[in-house]
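K.L.:
If it helps, the file is called work.tsv and holds TSV, C-alpha atoms:
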```tsv
chain	number	residue	atom	x	y	z
A	1	MET	CA	-10.80	4.69	21.47
A	2	THR	CA	-7.56	4.37	19.54
A	3	SER	CA	-5.97	7.73	18.84
A	4	LEU	CA	-5.91	9.02	15.29
A	5	VAL	CA	-2.13	9.35	15.28
A	6	SER	CA	-1.84	5.70	16.25
A	7	ILE	CA	-4.06	4.72	13.33
A	8	TYR	CA	-2.01	6.90	10.96
A	9	LEU	CA	1.18	5.17	12.11
A	10	THR	CA	-0.43	1.75	11.78
A	11	LEU	CA	-1.56	2.57	8.22
A	12	ALA	CA	1.93	3.76	7.29
A	13	LYS	CA	3.62	0.71	8.78
A	14	LEU	CA	1.16	-1.77	7.31
A	15	PHE	CA	1.06	-0.39	3.79
A	16	SER	CA	4.79	0.29	3.52
A	17	SER	CA	5.57	-3.30	4.51
A	18	LEU	CA	2.98	-4.60	2.04
A	19	SER	CA	4.46	-2.34	-0.63
A	20	LEU	CA	7.74	-4.21	-0.45
A	21	SER	CA	6.07	-7.63	-0.55
A	22	ALA	CA	3.62	-7.06	-3.41
A	23	PHE	CA	5.50	-9.03	-6.06
A	24	GLY	CA	3.08	-9.75	-8.87
A	25	GLY	CA	0.90	-6.69	-8.43
A	26	GLY	CA	-1.65	-5.34	-6.03
A	27	ASN	CA	-3.84	-8.42	-6.07
A	28	THR	CA	-1.16	-10.39	-4.23
A	29	ILE	CA	-1.64	-8.35	-1.06
A	30	LEU	CA	-5.45	-8.52	-0.99
A	31	PRO	CA	-5.71	-11.53	1.36
A	32	THR	CA	-3.37	-9.87	3.85
A	33	LEU	CA	-5.22	-6.57	3.53
A	34	GLU	CA	-8.50	-8.33	4.25
A	35	GLN	CA	-7.07	-10.18	7.24
A	36	VAL	CA	-5.64	-7.03	8.77
A	37	ALA	CA	-8.31	-4.44	7.91
A	38	VAL	CA	-11.27	-6.69	8.71
A	39	GLY	CA	-9.98	-9.29	11.14
A	40	LYS	CA	-7.30	-7.57	13.17
A	41	TYR	CA	-8.17	-3.87	13.31
A	42	HIS	CA	-11.90	-4.05	12.43
A	43	TRP	CA	-11.66	-0.96	10.26
A	44	LEU	CA	-14.16	-2.52	7.85
A	45	THR	CA	-16.62	-5.39	7.71
A	46	SER	CA	-16.19	-8.14	5.11
A	47	GLU	CA	-18.95	-6.58	3.03
A	48	GLN	CA	-17.31	-3.16	3.17
A	49	PHE	CA	-13.99	-4.69	2.11
A	50	VAL	CA	-15.66	-6.25	-0.95
A	51	ASP	CA	-17.28	-2.89	-1.72
A	52	CYS	CA	-13.91	-1.13	-1.46
A	53	PHE	CA	-12.31	-3.75	-3.70
A	54	SER	CA	-15.08	-3.32	-6.28
A	55	LEU	CA	-14.64	0.45	-6.27
A	56	SER	CA	-10.88	0.14	-6.66
A	57	LYS	CA	-11.33	-2.16	-9.66
A	58	ALA	CA	-14.00	0.04	-11.25
A	59	GLY	CA	-11.90	3.19	-11.14
A	60	PRO	CA	-8.83	3.90	-13.24
A	61	GLY	CA	-5.45	2.96	-11.87
A	62	PRO	CA	-3.97	0.05	-10.01
A	63	THR	CA	-5.85	-2.31	-7.71
A	64	THR	CA	-3.73	-1.06	-4.82
A	65	LEU	CA	-5.92	2.05	-4.72
A	66	ILE	CA	-8.04	-0.01	-2.32
A	67	VAL	CA	-5.60	1.18	0.34
A	68	GLU	CA	-6.89	4.73	-0.10
A	69	LEU	CA	-10.41	3.55	0.65
A	70	ILE	CA	-9.22	1.56	3.66
A	71	GLY	CA	-7.33	4.64	4.89
A	72	ILE	CA	-10.49	6.74	4.56
A	73	LYS	CA	-12.59	4.19	6.39
A	74	ALA	CA	-10.04	3.64	9.16
A	75	THR	CA	-9.56	7.33	9.94
A	76	GLY	CA	-12.62	9.19	8.69
A	77	PHE	CA	-15.25	7.98	11.10
A	78	CYS	CA	-15.53	9.08	14.71
A	79	GLY	CA	-18.59	7.25	15.95
A	80	ASN	CA	-21.32	8.06	13.45
A	81	HIS	CA	-19.63	11.26	12.24
A	82	PHE	CA	-17.43	11.53	9.17
A	83	VAL	CA	-14.36	13.71	9.67
A	84	VAL	CA	-13.16	14.90	6.26
A	85	HIS	CA	-9.69	16.16	7.16
A	86	ALA	CA	-8.87	12.98	9.11
A	87	ALA	CA	-10.06	10.84	6.19
A	88	LEU	CA	-7.99	12.81	3.68
A	89	ILE	CA	-4.87	12.48	5.81
A	90	GLY	CA	-5.52	8.74	6.21
A	91	ALA	CA	-5.97	8.36	2.46
A	92	LEU	CA	-2.77	10.28	1.68
A	93	ILE	CA	-0.73	8.33	4.21
A	94	SER	CA	-2.06	5.08	2.78
A	95	ILE	CA	-1.29	6.06	-0.82
A	96	PHE	CA	2.23	7.25	-0.04
A	97	ALA	CA	2.93	4.20	2.12
A	98	ILE	CA	1.90	1.75	-0.61
A	99	PHE	CA	3.75	3.45	-3.48
A	100	VAL	CA	6.82	5.24	-2.08
A	101	PRO	CA	8.84	2.37	-0.52
A	102	SER	CA	8.74	0.16	-3.62
A	103	SER	CA	9.45	3.19	-5.84
A	104	ILE	CA	12.53	4.09	-3.79
A	105	LEU	CA	13.71	0.48	-3.92
A	106	LEU	CA	13.28	0.49	-7.70
A	107	LEU	CA	15.22	3.74	-8.08
A	108	VAL	CA	18.10	2.42	-5.97
A	109	ALA	CA	18.16	-0.86	-7.90
A	110	ALA	CA	18.12	1.01	-11.24
A	111	HIS	CA	21.02	3.19	-10.09
A	112	PHE	CA	23.18	0.20	-9.26
A	113	TRP	CA	22.06	-1.65	-12.39
A	114	GLU	CA	23.29	1.24	-14.55
A	115	ARG	CA	26.43	1.63	-12.50
A	116	TRP	CA	27.53	-1.92	-13.26
A	117	ARG	CA	26.37	-1.97	-16.88
A	118	GLY	CA	28.29	-4.56	-18.86
A	119	ALA	CA	29.44	-6.60	-15.87
A	120	PRO	CA	29.48	-10.34	-16.66
A	121	TRP	CA	26.89	-11.17	-13.99
A	122	GLN	CA	24.58	-8.44	-15.32
A	123	VAL	CA	24.87	-9.67	-18.90
A	124	ALA	CA	24.07	-13.21	-17.71
A	125	ILE	CA	20.97	-12.01	-15.84
A	126	GLU	CA	19.75	-10.02	-18.84
A	127	LYS	CA	20.20	-13.03	-21.12
A	128	ALA	CA	18.31	-15.21	-18.65
A	129	LEU	CA	15.41	-12.78	-18.56
```
Translate this structure into structure tokens?
P.N.:
Amino acid sequence: MTSLVSIYLTLAKLFSSLSLSAFGGGNTILPTLEQVAVGKYHWLTSEQFVDCFSLSKAGPGPTTLIVELIGIKATGFCGNHFVVHAALIGALISIFAIFVPSSILLLVAAHFWERWRGAPWQVAIEKAL
């Protein structure tokens, strides 16, 4: 059986990389999420993935909250037993990994954008947008 720490690291690596490639919103990463969570790691079945997607759409917040449910499913079950603390840690790792990298990138970009306010290239980009 794969160790829990290994699954935590896999969740962090997977969701942080998807965080930086989710241009256009959370729906753009759904096919990759399905391929990895269902096909590669077998954390969920196809039906469970659809259920998780439905729950993430029904609740308030962004579609990317599906990662919390995937994190719970990937880490919370040991055989037929549900382990609450492992599931909570998996959910938290998943949430932080999907939101923190892109947020840091945005903060860094905003810092440099303000730093070069009024530069000719910046004015041209703003006019183009």
K.L.:
If we count only C-alpha atoms and set the cut-off at 9 Å, which residues sit around segment 89-104 of chain A, ignoring sequence neighbours fewer than 5 positions away in its own chain? Please answer as a compact mmCIF listing (two decimals) with C-alpha atoms, in the coordinates of the input.
P.N.:
```txt
# COMPACT_ATOMS: atom_id res chain seq x y z
CA ILE A 7 -4.06 4.72 13.33
CA TYR A 8 -2.01 6.90 10.96
CA LEU A 9 1.18 5.17 12.11
CA LEU A 11 -1.56 2.57 8.22
CA ALA A 12 1.93 3.76 7.29
CA LYS A 13 3.62 0.71 8.78
CA LEU A 14 1.16 -1.77 7.31
CA PHE A 15 1.06 -0.39 3.79
CA SER A 16 4.79 0.29 3.52
CA SER A 17 5.57 -3.30 4.51
CA LEU A 18 2.98 -4.60 2.04
CA SER A 19 4.46 -2.34 -0.63
CA LEU A 20 7.74 -4.21 -0.45
CA SER A 21 6.07 -7.63 -0.55
CA ALA A 22 3.62 -7.06 -3.41
CA THR A 64 -3.73 -1.06 -4.82
CA LEU A 65 -5.92 2.05 -4.72
CA VAL A 67 -5.60 1.18 0.34
CA GLU A 68 -6.89 4.73 -0.10
CA LEU A 69 -10.41 3.55 0.65
CA ILE A 70 -9.22 1.56 3.66
CA GLY A 71 -7.33 4.64 4.89
CA ILE A 72 -10.49 6.74 4.56
CA LYS A 73 -12.59 4.19 6.39
CA ALA A 74 -10.04 3.64 9.16
CA THR A 75 -9.56 7.33 9.94
CA GLY A 76 -12.62 9.19 8.69
CA VAL A 84 -13.16 14.90 6.26
CA ALA A 109 18.16 -0.86 -7.90
```
K.L.:
Please provide the set of residues having any atom within 10 Å of Ile66 of chain A, restricted to only C-alpha atoms, with same-chain residues fewer than 5 positions apart removed, written as a CSV table (one decimal) with C-alpha atoms, in the coordinates of the input.
P.N.:
```csv
chain,number,residue,atom,x,y,z
A,26,GLY,CA,-1.6,-5.3,-6.0
A,30,LEU,CA,-5.4,-8.5,-1.0
A,33,LEU,CA,-5.2,-6.6,3.5
A,49,PHE,CA,-14.0,-4.7,2.1
A,50,VAL,CA,-15.7,-6.2,-1.0
A,51,ASP,CA,-17.3,-2.9,-1.7
A,52,CYS,CA,-13.9,-1.1,-1.5
A,53,PHE,CA,-12.3,-3.8,-3.7
A,54,SER,CA,-15.1,-3.3,-6.3
A,55,LEU,CA,-14.6,0.4,-6.3
A,56,SER,CA,-10.9,0.1,-6.7
A,57,LYS,CA,-11.3,-2.2,-9.7
A,71,GLY,CA,-7.3,4.6,4.9
A,72,ILE,CA,-10.5,6.7,4.6
A,91,ALA,CA,-6.0,8.4,2.5
A,94,SER,CA,-2.1,5.1,2.8
A,95,ILE,CA,-1.3,6.1,-0.8
```
K.L.:
Please report the interatomic distance between atom CA of Ser6 of chain A and atom CA of Leu88 of chain A in Å with one decimal.
P.N.:
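That distance, rounded to one decimal, is 15.7 Å.
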K.L.:
Using all atoms listed in the file for the distances, tell me which of A:Phe82, A:Phe23, A:Trp43, A:Trp113 is nearest to Ile125 of chain A.
P.N.:
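Smallest separation from Ile125 of chain A among the options: A:Trp113.
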K.L.:
For atom CA of Val5 of chain A and atom CA of Gly39 of chain A, quote the distance in Å rounded to one decimal.
P.N.:
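Result for atom CA of Val5 of chain A versus atom CA of Gly39 of chain A: 20.6 Å, one decimal.
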K.L.:
Quote the spacing between atom CA of Val83 of chain A and atom CA of Ile29 of chain A in Å to one decimal place.
P.N.:
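Computing the Euclidean distance for atom CA of Val83 of chain A and atom CA of Ile29 of chain A yields 27.6 Å.
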K.L.:
With all atoms of segment 72-85 of chain A from the file as input, state the centre and edge lengths in Å to one decimal of the axis-aligned box that has 4 Å extra on each side, as JSON.
P.N.:
```
{"center_x": -15.4, "center_y": 9.9, "center_z": 10.3, "size_x": 19.8, "size_y": 20.5, "size_z": 19.4}
```
K.L.:
Measuring between all atoms listed in the file, which one of A:Gln35, A:Asn27, A:Gln48, A:Glu126 shows the shortest distance to Thr63 of chain A?
P.N.:
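The shortest atom-to-atom distance to Thr63 of chain A comes from A:Asn27.
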K.L.:
Choose the residue, out of A:Ala87, A:Glu47, A:Glu34, A:Ala119, that has the smallest atom-to-atom separation from Leu4 of chain A; count only C-alpha atoms.
P.N.:
A:Ala87
K.L.:
How about completing segment 29-40 of chain A with all heavy atoms and giving it to me as a short mmCIF file (atom, residue, chain, number, x, y, z; two decimals), keeping the file's coordinate frame?
P.N.:
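The result, written out as part.cif:
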```cif
data_model
loop_
_atom_site.label_atom_id
_atom_site.label_comp_id
_atom_site.auth_asym_id
_atom_site.auth_seq_id
_atom_site.Cartn_x
_atom_site.Cartn_y
_atom_site.Cartn_z
N ILE A 29 -1.55 -8.76 -2.47
CA ILE A 29 -1.64 -8.35 -1.06
C ILE A 29 -3.07 -8.33 -0.55
O ILE A 29 -3.31 -8.07 0.63
CB ILE A 29 -0.98 -6.98 -0.82
CG1 ILE A 29 -1.68 -5.88 -1.61
CG2 ILE A 29 0.51 -7.03 -1.11
CD1 ILE A 29 -1.23 -4.48 -1.25
N LEU A 30 -4.05 -8.60 -1.40
CA LEU A 30 -5.45 -8.52 -0.99
C LEU A 30 -5.80 -9.44 0.18
O LEU A 30 -6.49 -9.00 1.10
CB LEU A 30 -6.37 -8.78 -2.18
CG LEU A 30 -6.44 -7.66 -3.19
CD1 LEU A 30 -7.26 -8.07 -4.40
CD2 LEU A 30 -6.99 -6.39 -2.57
N PRO A 31 -5.37 -10.69 0.20
CA PRO A 31 -5.71 -11.53 1.36
C PRO A 31 -5.16 -10.97 2.67
O PRO A 31 -5.86 -10.97 3.69
CB PRO A 31 -5.07 -12.89 1.04
CG PRO A 31 -4.94 -12.90 -0.45
CD PRO A 31 -4.69 -11.48 -0.84
N THR A 32 -3.95 -10.46 2.65
CA THR A 32 -3.37 -9.87 3.85
C THR A 32 -4.11 -8.60 4.24
O THR A 32 -4.38 -8.37 5.42
CB THR A 32 -1.87 -9.57 3.64
OG1 THR A 32 -1.22 -10.76 3.24
CG2 THR A 32 -1.24 -9.04 4.90
N LEU A 33 -4.44 -7.78 3.25
CA LEU A 33 -5.22 -6.57 3.53
C LEU A 33 -6.54 -6.92 4.20
O LEU A 33 -6.95 -6.27 5.16
CB LEU A 33 -5.53 -5.83 2.23
CG LEU A 33 -4.51 -4.84 1.72
CD1 LEU A 33 -4.98 -4.24 0.40
CD2 LEU A 33 -4.25 -3.76 2.71
N GLU A 34 -7.20 -7.93 3.69
CA GLU A 34 -8.50 -8.33 4.25
C GLU A 34 -8.33 -8.84 5.67
O GLU A 34 -9.10 -8.47 6.56
CB GLU A 34 -9.14 -9.39 3.36
CG GLU A 34 -10.61 -9.63 3.64
CD GLU A 34 -10.85 -10.69 4.70
OE1 GLU A 34 -9.98 -11.55 4.91
OE2 GLU A 34 -11.93 -10.66 5.32
N GLN A 35 -7.32 -9.67 5.89
CA GLN A 35 -7.07 -10.18 7.24
C GLN A 35 -6.84 -9.06 8.24
O GLN A 35 -7.36 -9.09 9.35
CB GLN A 35 -5.83 -11.09 7.25
CG GLN A 35 -6.08 -12.50 6.85
CD GLN A 35 -4.78 -13.31 6.95
OE1 GLN A 35 -3.69 -12.78 6.79
NE2 GLN A 35 -4.93 -14.59 7.21
N VAL A 36 -6.02 -8.10 7.85
CA VAL A 36 -5.64 -7.03 8.77
C VAL A 36 -6.77 -6.01 8.94
O VAL A 36 -7.14 -5.66 10.07
CB VAL A 36 -4.34 -6.35 8.30
CG1 VAL A 36 -4.00 -5.16 9.15
CG2 VAL A 36 -3.19 -7.35 8.31
N ALA A 37 -7.31 -5.50 7.84
CA ALA A 37 -8.31 -4.44 7.91
C ALA A 37 -9.63 -4.92 8.51
O ALA A 37 -10.29 -4.18 9.25
CB ALA A 37 -8.55 -3.84 6.53
N VAL A 38 -10.00 -6.16 8.21
CA VAL A 38 -11.27 -6.69 8.71
C VAL A 38 -11.07 -7.46 10.02
O VAL A 38 -11.74 -7.20 11.01
CB VAL A 38 -11.94 -7.59 7.65
CG1 VAL A 38 -13.19 -8.25 8.20
CG2 VAL A 38 -12.26 -6.80 6.40
N GLY A 39 -10.13 -8.40 10.00
CA GLY A 39 -9.98 -9.29 11.14
C GLY A 39 -9.23 -8.73 12.32
O GLY A 39 -9.64 -8.91 13.47
N LYS A 40 -8.14 -8.03 12.06
CA LYS A 40 -7.30 -7.57 13.17
C LYS A 40 -7.73 -6.22 13.72
O LYS A 40 -7.92 -6.06 14.92
CB LYS A 40 -5.84 -7.51 12.71
CG LYS A 40 -4.87 -7.11 13.81
CD LYS A 40 -3.42 -7.20 13.35
CE LYS A 40 -2.48 -6.83 14.48
NZ LYS A 40 -1.08 -6.89 14.05
#
```
